[in-house]
>>> print(open('upload-v5.cif').read())   # mmCIF, C-alpha atoms
data_entry
loop_
_atom_site.group_PDB
_atom_site.id
_atom_site.type_symbol
_atom_site.label_atom_id
_atom_site.label_comp_id
_atom_site.auth_asym_id
_atom_site.auth_seq_id
_atom_site.Cartn_x
_atom_site.Cartn_y
_atom_site.Cartn_z
ATOM 1 C CA MET A 187 -9.776 -48.380 -97.667
ATOM 2 C CA ASP A 188 -9.251 -47.475 -94.029
ATOM 3 C CA PRO A 189 -9.425 -43.745 -93.216
ATOM 4 C CA ALA A 190 -6.191 -41.918 -92.519
ATOM 5 C CA PRO A 191 -5.342 -41.486 -88.827
ATOM 6 C CA PRO A 192 -6.529 -38.216 -87.249
ATOM 7 C CA LEU A 193 -4.280 -35.172 -87.363
ATOM 8 C CA ASP A 194 -2.719 -33.679 -84.265
ATOM 9 C CA LEU A 195 -2.549 -30.293 -85.974
ATOM 10 C CA LEU A 196 -4.123 -28.761 -89.086
ATOM 11 C CA ALA A 197 -3.006 -25.342 -90.371
ATOM 12 C CA ILE A 198 -5.545 -23.659 -92.645
ATOM 13 C CA GLY A 199 -4.530 -20.828 -94.972
ATOM 14 C CA SER A 200 -6.414 -18.939 -97.670
ATOM 15 C CA HIS A 201 -3.671 -19.309 -100.299
ATOM 16 C CA PRO A 202 -0.985 -21.919 -100.976
ATOM 17 C CA ASP A 203 1.843 -19.958 -99.305
ATOM 18 C CA ASP A 204 0.020 -18.467 -96.304
ATOM 19 C CA VAL A 205 0.864 -21.023 -93.649
ATOM 20 C CA GLU A 206 4.546 -21.246 -94.607
ATOM 21 C CA ILE A 207 4.901 -17.485 -94.191
ATOM 22 C CA SER A 208 2.882 -17.304 -90.972
ATOM 23 C CA CYS A 209 3.616 -20.493 -89.036
ATOM 24 C CA GLY A 210 5.888 -22.718 -91.139
ATOM 25 C CA GLY A 211 8.485 -22.946 -88.386
ATOM 26 C CA THR A 212 5.929 -24.256 -85.903
ATOM 27 C CA LEU A 213 4.625 -26.837 -88.383
ATOM 28 C CA ALA A 214 8.151 -28.086 -89.076
ATOM 29 C CA LEU A 215 8.878 -28.245 -85.334
ATOM 30 C CA ALA A 216 5.684 -30.190 -84.649
ATOM 31 C CA ALA A 217 6.498 -32.648 -87.424
ATOM 32 C CA THR A 218 10.034 -33.063 -86.061
ATOM 33 C CA GLN A 219 8.622 -33.818 -82.608
ATOM 34 C CA GLY A 220 6.438 -36.613 -83.961
ATOM 35 C CA PHE A 221 3.068 -34.895 -84.296
ATOM 36 C CA ARG A 222 0.913 -35.692 -87.315
ATOM 37 C CA VAL A 223 0.627 -32.343 -89.093
ATOM 38 C CA GLY A 224 -1.505 -31.294 -92.065
ATOM 39 C CA ILE A 225 -2.000 -28.193 -94.205
ATOM 40 C CA LEU A 226 -5.274 -27.165 -95.837
ATOM 41 C CA ASP A 227 -5.135 -24.453 -98.513
ATOM 42 C CA LEU A 228 -8.597 -23.030 -99.077
ATOM 43 C CA THR A 229 -7.968 -21.756 -102.624
ATOM 44 C CA ARG A 230 -5.623 -22.544 -105.501
ATOM 45 C CA GLY A 231 -4.376 -18.938 -105.588
ATOM 46 C CA GLU A 232 -5.777 -18.430 -109.071
ATOM 47 C CA LEU A 233 -6.036 -14.645 -108.689
ATOM 48 C CA GLY A 234 -2.341 -14.277 -107.844
ATOM 49 C CA THR A 235 -0.444 -11.719 -109.893
ATOM 50 C CA ASN A 236 2.192 -14.325 -110.738
ATOM 51 C CA GLY A 237 2.114 -18.056 -111.305
ATOM 52 C CA ASP A 238 -0.848 -20.262 -112.188
ATOM 53 C CA PRO A 239 -2.771 -22.857 -110.130
ATOM 54 C CA GLU A 240 -0.793 -25.802 -111.510
ATOM 55 C CA THR A 241 2.561 -24.182 -110.740
ATOM 56 C CA ARG A 242 1.391 -23.162 -107.296
ATOM 57 C CA ALA A 243 0.182 -26.698 -106.559
ATOM 58 C CA ARG A 244 3.632 -28.101 -107.390
ATOM 59 C CA GLU A 245 5.300 -25.455 -105.234
ATOM 60 C CA ALA A 246 2.922 -26.178 -102.348
ATOM 61 C CA ALA A 247 3.722 -29.892 -102.515
ATOM 62 C CA GLU A 248 7.455 -29.169 -102.397
ATOM 63 C CA ALA A 249 7.029 -26.799 -99.461
ATOM 64 C CA ALA A 250 5.039 -29.468 -97.600
ATOM 65 C CA ARG A 251 7.847 -31.961 -98.216
ATOM 66 C CA ILE A 252 10.389 -29.509 -96.804
ATOM 67 C CA LEU A 253 8.306 -28.904 -93.683
ATOM 68 C CA GLY A 254 7.805 -32.641 -93.209
ATOM 69 C CA VAL A 255 4.015 -32.531 -92.854
ATOM 70 C CA ALA A 256 1.944 -35.678 -93.276
ATOM 71 C CA LEU A 257 -0.498 -34.301 -95.844
ATOM 72 C CA ARG A 258 -1.529 -31.203 -97.765
ATOM 73 C CA ARG A 259 -5.010 -30.709 -99.203
ATOM 74 C CA ASN A 260 -6.765 -27.981 -101.186
ATOM 75 C CA ALA A 261 -10.455 -27.109 -100.682
ATOM 76 C CA ALA A 262 -10.670 -25.410 -104.126
ATOM 77 C CA LEU A 263 -12.748 -22.502 -102.821
ATOM 78 C CA PRO A 264 -12.729 -19.410 -105.078
ATOM 79 C CA ASP A 265 -9.717 -17.145 -104.660
ATOM 80 C CA GLY A 266 -11.047 -13.703 -103.806
ATOM 81 C CA GLY A 267 -14.435 -15.258 -103.040
ATOM 82 C CA ILE A 268 -14.124 -16.951 -99.652
ATOM 83 C CA GLN A 269 -17.371 -16.224 -97.814
ATOM 84 C CA ALA A 270 -17.988 -17.331 -94.244
ATOM 85 C CA GLY A 271 -21.755 -17.125 -94.774
ATOM 86 C CA ASP A 272 -21.778 -19.323 -97.874
ATOM 87 C CA ARG A 273 -23.442 -22.598 -96.880
ATOM 88 C CA THR A 274 -21.781 -24.572 -99.678
ATOM 89 C CA GLN A 275 -18.316 -23.436 -98.584
ATOM 90 C CA GLU A 276 -19.189 -24.141 -94.970
ATOM 91 C CA ARG A 277 -20.373 -27.673 -95.762
ATOM 92 C CA THR A 278 -17.141 -28.274 -97.681
ATOM 93 C CA MET A 279 -15.141 -27.191 -94.640
ATOM 94 C CA VAL A 280 -17.230 -29.243 -92.220
ATOM 95 C CA ALA A 281 -16.748 -32.368 -94.345
ATOM 96 C CA LEU A 282 -12.979 -31.792 -94.457
ATOM 97 C CA LEU A 283 -12.741 -31.306 -90.690
ATOM 98 C CA ARG A 284 -14.771 -34.460 -90.106
ATOM 99 C CA GLU A 285 -12.520 -36.374 -92.473
ATOM 100 C CA LEU A 286 -9.160 -35.093 -91.187
ATOM 101 C CA ARG A 287 -10.227 -34.876 -87.506
ATOM 102 C CA PRO A 288 -7.534 -32.460 -86.285
ATOM 103 C CA ALA A 289 -7.135 -32.066 -82.536
ATOM 104 C CA VAL A 290 -5.779 -28.520 -82.970
ATOM 105 C CA LEU A 291 -6.511 -25.914 -85.645
ATOM 106 C CA PHE A 292 -4.339 -23.009 -86.786
ATOM 107 C CA SER A 293 -6.042 -20.324 -88.873
ATOM 108 C CA HIS A 294 -5.769 -16.658 -89.822
ATOM 109 C CA PHE A 295 -6.125 -13.912 -87.221
ATOM 110 C CA PRO A 296 -9.567 -12.374 -87.913
ATOM 111 C CA GLN A 297 -8.245 -8.817 -88.305
ATOM 112 C CA ASP A 298 -6.350 -8.471 -91.564
ATOM 113 C CA ARG A 299 -6.057 -6.309 -94.671
ATOM 114 C CA HIS A 300 -6.722 -9.235 -97.016
ATOM 115 C CA PRO A 301 -10.480 -9.978 -97.290
ATOM 116 C CA ASP A 302 -9.846 -13.693 -97.896
ATOM 117 C CA HIS A 303 -7.881 -13.940 -94.648
ATOM 118 C CA VAL A 304 -10.717 -12.341 -92.676
ATOM 119 C CA GLU A 305 -13.391 -14.514 -94.267
ATOM 120 C CA ALA A 306 -11.252 -17.642 -93.908
ATOM 121 C CA SER A 307 -10.906 -17.038 -90.179
ATOM 122 C CA ARG A 308 -14.669 -16.654 -89.805
ATOM 123 C CA LEU A 309 -15.347 -19.663 -92.023
ATOM 124 C CA VAL A 310 -13.032 -21.889 -89.975
ATOM 125 C CA ASP A 311 -14.674 -20.738 -86.742
ATOM 126 C CA ARG A 312 -18.158 -21.526 -88.071
ATOM 127 C CA ALA A 313 -17.169 -24.849 -89.597
ATOM 128 C CA SER A 314 -15.249 -26.040 -86.550
ATOM 129 C CA TYR A 315 -18.366 -25.509 -84.426
ATOM 130 C CA HIS A 316 -20.888 -26.945 -86.868
ATOM 131 C CA ALA A 317 -18.696 -30.000 -87.545
ATOM 132 C CA GLY A 318 -19.601 -31.207 -84.052
ATOM 133 C CA LEU A 319 -23.356 -31.063 -84.570
ATOM 134 C CA ARG A 320 -24.928 -34.468 -85.235
ATOM 135 C CA ARG A 321 -27.676 -33.083 -87.463
ATOM 136 C CA TYR A 322 -25.509 -30.734 -89.515
ATOM 137 C CA ASP A 323 -25.934 -31.676 -93.180
ATOM 138 C CA ALA A 324 -22.421 -32.588 -94.332
ATOM 139 C CA LYS A 325 -20.453 -35.760 -94.955
ATOM 140 C CA GLY A 326 -18.775 -37.526 -92.070
ATOM 141 C CA GLU A 327 -19.354 -38.260 -88.417
ATOM 142 C CA PRO A 328 -19.649 -35.353 -85.955
ATOM 143 C CA PHE A 329 -16.296 -34.052 -84.792
ATOM 144 C CA ARG A 330 -15.024 -30.832 -83.257
ATOM 145 C CA PRO A 331 -11.351 -29.787 -82.827
ATOM 146 C CA ARG A 332 -10.246 -29.256 -79.235
ATOM 147 C CA VAL A 333 -8.437 -25.930 -79.682
ATOM 148 C CA ARG A 334 -8.233 -23.148 -82.279
ATOM 149 C CA TRP A 335 -5.224 -20.840 -82.513
ATOM 150 C CA HIS A 336 -4.849 -17.810 -84.761
ATOM 151 C CA PHE A 337 -1.553 -17.048 -86.516
ATOM 152 C CA ALA A 338 -0.394 -13.623 -87.668
ATOM 153 C CA SER A 339 -0.718 -12.825 -91.367
ATOM 154 C CA ARG A 340 -0.452 -9.232 -92.549
ATOM 155 C CA VAL A 341 -1.556 -7.737 -89.232
ATOM 156 C CA GLY A 342 0.192 -8.631 -85.991
ATOM 157 C CA PHE A 343 -1.132 -8.845 -82.443
ATOM 158 C CA HIS A 344 0.043 -9.201 -78.858
ATOM 159 C CA PRO A 345 0.429 -12.993 -78.669
ATOM 160 C CA THR A 346 -0.970 -15.407 -76.129
ATOM 161 C CA VAL A 347 1.976 -17.715 -76.806
ATOM 162 C CA VAL A 348 5.169 -17.555 -78.843
ATOM 163 C CA VAL A 349 6.718 -20.747 -80.213
ATOM 164 C CA ASP A 350 10.512 -20.923 -80.340
ATOM 165 C CA VAL A 351 11.231 -21.829 -83.981
ATOM 166 C CA SER A 352 14.957 -21.144 -83.931
ATOM 167 C CA GLU A 353 15.630 -24.835 -84.635
ATOM 168 C CA THR A 354 13.423 -24.886 -87.740
ATOM 169 C CA TRP A 355 13.905 -21.358 -89.066
ATOM 170 C CA GLU A 356 15.968 -22.447 -92.060
ATOM 171 C CA ARG A 357 13.352 -25.034 -93.030
ATOM 172 C CA LYS A 358 10.655 -22.372 -92.847
ATOM 173 C CA ARG A 359 12.749 -20.101 -95.051
ATOM 174 C CA GLU A 360 13.373 -22.921 -97.548
ATOM 175 C CA ALA A 361 9.639 -23.721 -97.635
ATOM 176 C CA ILE A 362 8.801 -20.089 -98.388
ATOM 177 C CA LEU A 363 11.386 -20.045 -101.175
ATOM 178 C CA ALA A 364 9.761 -23.172 -102.648
ATOM 179 C CA HIS A 365 6.943 -20.834 -103.723
ATOM 180 C CA ALA A 366 9.260 -19.396 -106.358
ATOM 181 C CA SER A 367 6.484 -18.043 -108.580
ATOM 182 C CA GLN A 368 5.416 -15.829 -105.693
ATOM 183 C CA VAL A 369 8.624 -14.795 -103.941
ATOM 184 C CA THR A 370 11.084 -14.326 -106.813
ATOM 185 C CA LEU A 371 11.149 -12.127 -109.905
ATOM 186 C CA ALA A 372 12.764 -14.800 -112.079
ATOM 187 C CA GLY A 373 10.854 -15.136 -115.335
ATOM 188 C CA ALA A 374 10.059 -12.752 -118.146
ATOM 189 C CA ASP A 375 6.355 -12.421 -117.291
ATOM 190 C CA ARG A 376 6.745 -11.773 -113.542
ATOM 191 C CA ARG A 377 5.209 -8.587 -112.130
ATOM 192 C CA PRO A 378 6.525 -6.898 -108.967
ATOM 193 C CA THR A 379 4.506 -7.602 -105.811
ATOM 194 C CA ALA A 380 4.978 -7.294 -102.059
ATOM 195 C CA LEU A 381 6.011 -10.964 -101.925
ATOM 196 C CA ASN A 382 8.759 -10.796 -104.526
ATOM 197 C CA ASP A 383 10.155 -7.528 -103.227
ATOM 198 C CA PRO A 384 13.860 -8.138 -102.408
ATOM 199 C CA GLU A 385 13.165 -7.120 -98.794
ATOM 200 C CA PHE A 386 10.258 -9.511 -98.260
ATOM 201 C CA LEU A 387 12.195 -12.323 -96.570
ATOM 202 C CA ALA A 388 14.086 -9.788 -94.479
ATOM 203 C CA ARG A 389 10.747 -8.478 -93.206
ATOM 204 C CA ILE A 390 9.567 -11.981 -92.338
ATOM 205 C CA GLU A 391 12.821 -12.590 -90.476
ATOM 206 C CA ALA A 392 12.531 -9.259 -88.641
ATOM 207 C CA ARG A 393 9.074 -10.209 -87.425
ATOM 208 C CA ALA A 394 10.323 -13.596 -86.233
ATOM 209 C CA ARG A 395 13.231 -11.919 -84.437
ATOM 210 C CA HIS A 396 10.802 -9.474 -82.800
ATOM 211 C CA PHE A 397 8.586 -12.221 -81.404
ATOM 212 C CA GLY A 398 11.589 -14.356 -80.515
ATOM 213 C CA LEU A 399 12.923 -11.459 -78.470
ATOM 214 C CA MET A 400 9.738 -11.525 -76.402
ATOM 215 C CA ILE A 401 10.732 -14.936 -75.002
ATOM 216 C CA GLY A 402 14.501 -14.529 -75.189
ATOM 217 C CA VAL A 403 15.150 -16.725 -78.249
ATOM 218 C CA ARG A 404 16.390 -16.029 -81.774
ATOM 219 C CA TYR A 405 13.192 -16.686 -83.755
ATOM 220 C CA GLY A 406 9.570 -16.936 -82.625
ATOM 221 C CA GLU A 407 6.133 -17.362 -84.175
ATOM 222 C CA PRO A 408 3.136 -15.771 -82.407
ATOM 223 C CA PHE A 409 -0.290 -17.276 -81.764
ATOM 224 C CA THR A 410 -3.395 -16.045 -80.003
ATOM 225 C CA SER A 411 -6.651 -17.668 -78.990
ATOM 226 C CA ALA A 412 -10.055 -16.188 -78.243
ATOM 227 C CA ASP A 413 -10.854 -19.229 -76.098
ATOM 228 C CA PRO A 414 -9.399 -20.160 -72.703
ATOM 229 C CA VAL A 415 -6.667 -22.784 -72.977
ATOM 230 C CA GLY A 416 -6.853 -25.478 -70.313
ATOM 231 C CA PHE A 417 -4.008 -27.583 -68.923
ATOM 232 C CA ARG A 418 -4.317 -31.007 -67.354
ATOM 233 C CA ASP A 419 -0.583 -31.801 -67.514
ATOM 234 C CA LEU A 420 1.238 -28.978 -65.736
ATOM 235 C CA HIS A 421 4.632 -29.823 -67.243
ATOM 236 C CA ALA A 422 3.793 -27.781 -70.330
ATOM 237 C CA PHE A 423 2.308 -24.920 -68.295
ATOM 238 C CA LEU A 424 4.994 -24.655 -65.617
ATOM 239 C CA GLY A 425 7.859 -25.417 -67.991
ATOM 240 C CA ALA A 426 6.934 -22.790 -70.587
ATOM 241 C CA LEU A 427 9.640 -20.419 -71.793
ATOM 242 C CA ARG A 428 9.764 -17.048 -70.076
ATOM 243 C CA PRO A 429 11.656 -13.930 -71.244
ATOM 244 C CA HIS A 430 15.220 -13.820 -69.994
ATOM 245 C CA PRO A 431 15.913 -10.773 -67.812
ATOM 246 C CA SER A 432 18.317 -9.530 -70.477
ATOM 247 C CA ALA A 433 15.906 -10.019 -73.403
ATOM 248 C CA PHE A 434 15.013 -6.339 -73.592
ATOM 249 C CA THR A 435 17.611 -4.629 -71.421
ATOM 250 C CA GLY A 436 20.877 -5.917 -72.913
#
>>> encode(input="upload-v5.cif", output="structure tokens")
Amino acid sequence: MDPAPPLDLLAIGSHPDDVEISCGGTLALAATQGFRVGILDLTRGELGTNGDPETRAREAAEAARILGVALRRNAALPDGGIQAGDRTQERTMVALLRELRPAVLFSHFPQDRHPDHVEASRLVDRASYHAGLRRYDAKGEPFRPRVRWHFASRVGFHPTVVVDVSETWERKREAILAHASQVTLAGADRRPTALNDPEFLARIEARARHFGLMIGVRYGEPFTSADPVGFRDLHAFLGALRPHPSAFTG
């Protein structure tokens, strides 16, 4: 069987709902614009207060359908046990990157209150480098993504870029709601959490409005990169959105 075509963009989250919450609007926009987009969940979310791995897998598949991404995979690393220094986990990640061959990576911002988010960010950084080494002991041919961007999870940052996701906001919201075991209290055995708090979606929207305001649009998703970003085609660079003069002053 021929290998699947390389991905233009791969978003990597620790748990099955992380990327929808953090950058779902950007993924939906990229898919709409014809880019081949993938999602990689590192764990099955088995330590979650609500839901079980099977339920969460079904919800993740539905959310991926809503966003329009080409594929969604799960690395089956241990929830609560992601370790950037674990060689077995690193080899798993290297093999996945060599198989999927994404040009661009999205991953967690390395400063976060959730230990899995911090370790996932470090693990992705290590794996994306080692995947390009010919003698690194993992399946697949050497490959290294061109660019890595960090998305905001629980802790925000001053962004390098903000993507206008006004067009795909409702799809992002629908994809988040697809994770019903996490974001609703329906069900006799559900326990209250930060995600199923009635104000949770309002907080996500407020953050998107905040970052959208930075560039004078309704909704925005922030990204930052520790690496310089180069441009060969200046249309993207010179045509980038800038804040409208009235964005902050009314």
>>> residues_around(input="upload-v5.cif", residues="Phe343 in chain A", least_positions_apart="4", cutoff="9 Å", atoms="only C-alpha atoms", output="number ranges by chain")
A: 295, 338, 408-410
>>> closest_residue(input="upload-v5.cif", among="A:Ser307, A:His294, A:Gly254, A:His344", to="Met279 in chain A", atoms="all atoms listed in the file")
A:Ser307
>>> atom_distance(input="upload-v5.cif", atom1="CA of Gln275 in chain A", atom2="CA of Cys209 in chain A")
24.1 Å
>>> residues_around(input="upload-v5.cif", residues="Ala262 in chain A", least_positions_apart="6", cutoff="7 Å", atoms="only C-alpha atoms", output="VMD selection string")
chain A and resid 228 to 230
>>> closest_residue(input="upload-v5.cif", among="A:Val415, A:Ala247, A:Val348, A:Ile362", to="Glu391 in chain A", atoms="only C-alpha atoms")
A:Ile362
>>> residues_around(input="upload-v5.cif", residues="Thr354 in chain A", least_positions_apart="5", cutoff="7 Å", atoms="all atoms listed in the file", output="list in words")
Gly211, Ala214 and Leu215 of chain A
>>> residues_near_point(input="upload-v5.cif", point="(4.7, -14.8, -87.1)", cutoff="9 Å", atoms="all atoms listed in the file", output="short mmCIF file (atom, residue, chain, number, x, y, z; two decimals) with C-alpha atoms, in the coordinates of the input")
data_model
loop_
_atom_site.label_atom_id
_atom_site.label_comp_id
_atom_site.auth_asym_id
_atom_site.auth_seq_id
_atom_site.Cartn_x
_atom_site.Cartn_y
_atom_site.Cartn_z
CA ILE A 207 4.90 -17.48 -94.19
CA SER A 208 2.88 -17.30 -90.97
CA CYS A 209 3.62 -20.49 -89.04
CA GLY A 210 5.89 -22.72 -91.14
CA PHE A 337 -1.55 -17.05 -86.52
CA ALA A 338 -0.39 -13.62 -87.67
CA SER A 339 -0.72 -12.82 -91.37
CA GLY A 342 0.19 -8.63 -85.99
CA VAL A 348 5.17 -17.56 -78.84
CA ILE A 390 9.57 -11.98 -92.34
CA ARG A 393 9.07 -10.21 -87.42
CA ALA A 394 10.32 -13.60 -86.23
CA PHE A 397 8.59 -12.22 -81.40
CA GLY A 406 9.57 -16.94 -82.62
CA GLU A 407 6.13 -17.36 -84.18
CA PRO A 408 3.14 -15.77 -82.41
CA PHE A 409 -0.29 -17.28 -81.76
#
>>> residues_around(input="upload-v5.cif", residues="Gln368 in chain A", least_positions_apart="5", cutoff="12 Å", atoms="all atoms listed in the file", output="number ranges by chain")
A: 201-204, 207, 231-239, 241-242, 245-246, 362-363, 373, 376-384, 386-387
>>> closest_residue(input="upload-v5.cif", among="A:Glu285, A:Glu206, A:Asp350, A:Asp265", to="Pro191 in chain A", atoms="all atoms listed in the file")
A:Glu285
>>> atom_distance(input="upload-v5.cif", atom1="CA of Glu360 in chain A", atom2="CA of Ala250 in chain A")
10.6 Å
>>> closest_residue(input="upload-v5.cif", among="A:Ala306, A:Ala372, A:Leu424, A:Leu213", to="Ile252 in chain A", atoms="all atoms listed in the file")
A:Leu213
>>> closest_residue(input="upload-v5.cif", among="A:Phe292, A:Phe423, A:Tyr405, A:Phe221", to="Val333 in chain A", atoms="all atoms listed in the file")
A:Phe292
>>> atom_distance(input="upload-v5.cif", atom1="CA of Arg389 in chain A", atom2="CA of Arg359 in chain A")
11.9 Å
>>> closest_residue(input="upload-v5.cif", among="A:Ala317, A:Ala361, A:Val205, A:Val310", to="Leu253 in chain A", atoms="only C-alpha atoms")
A:Ala361
>>> resolve_selection(input="upload-v5.cif", expression="the PyMOL selection byres ((chain A and resi 318) around 12)", output="JSON, numbers by chain")
{"A": [280, 281, 283, 284, 287, 311, 312, 313, 314, 315, 316, 317, 319, 320, 321, 322, 323, 324, 325, 326, 327, 328, 329, 330, 331, 332]}
>>> build_atoms(input="upload-v5.cif", residues="range 401-413 of chain A", atoms="N, CA and C atoms", output="short mmCIF file (atom, residue, chain, number, x, y, z; two decimals), keeping the file's coordinate frame")
data_model
loop_
_atom_site.label_atom_id
_atom_site.label_comp_id
_atom_site.auth_asym_id
_atom_site.auth_seq_id
_atom_site.Cartn_x
_atom_site.Cartn_y
_atom_site.Cartn_z
N ILE A 401 10.50 -13.80 -75.91
CA ILE A 401 10.73 -14.94 -75.00
C ILE A 401 12.22 -15.26 -74.88
N GLY A 402 13.06 -14.36 -75.37
CA GLY A 402 14.50 -14.53 -75.19
C GLY A 402 15.13 -15.57 -76.08
N VAL A 403 14.57 -15.78 -77.30
CA VAL A 403 15.15 -16.73 -78.25
C VAL A 403 15.39 -16.01 -79.57
N ARG A 404 16.02 -16.69 -80.52
CA ARG A 404 16.39 -16.03 -81.77
C ARG A 404 15.18 -15.78 -82.68
N TYR A 405 14.34 -16.81 -82.86
CA TYR A 405 13.19 -16.69 -83.76
C TYR A 405 11.93 -17.21 -83.07
N GLY A 406 10.83 -16.50 -83.21
CA GLY A 406 9.57 -16.94 -82.62
C GLY A 406 8.41 -16.71 -83.57
N GLU A 407 7.38 -17.54 -83.42
CA GLU A 407 6.13 -17.36 -84.18
C GLU A 407 4.99 -17.16 -83.18
N PRO A 408 4.18 -16.12 -83.38
CA PRO A 408 3.14 -15.77 -82.41
C PRO A 408 1.80 -16.44 -82.71
N PHE A 409 1.06 -16.74 -81.65
CA PHE A 409 -0.29 -17.28 -81.76
C PHE A 409 -1.16 -16.64 -80.69
N THR A 410 -2.44 -16.54 -81.00
CA THR A 410 -3.40 -16.05 -80.00
C THR A 410 -4.66 -16.87 -80.10
N SER A 411 -5.41 -16.91 -79.02
CA SER A 411 -6.65 -17.67 -78.99
C SER A 411 -7.72 -16.85 -78.30
N ALA A 412 -8.93 -16.87 -78.87
CA ALA A 412 -10.06 -16.19 -78.24
C ALA A 412 -10.66 -17.03 -77.13
N ASP A 413 -10.30 -18.31 -77.09
CA ASP A 413 -10.85 -19.23 -76.10
C ASP A 413 -9.85 -19.49 -74.98
#
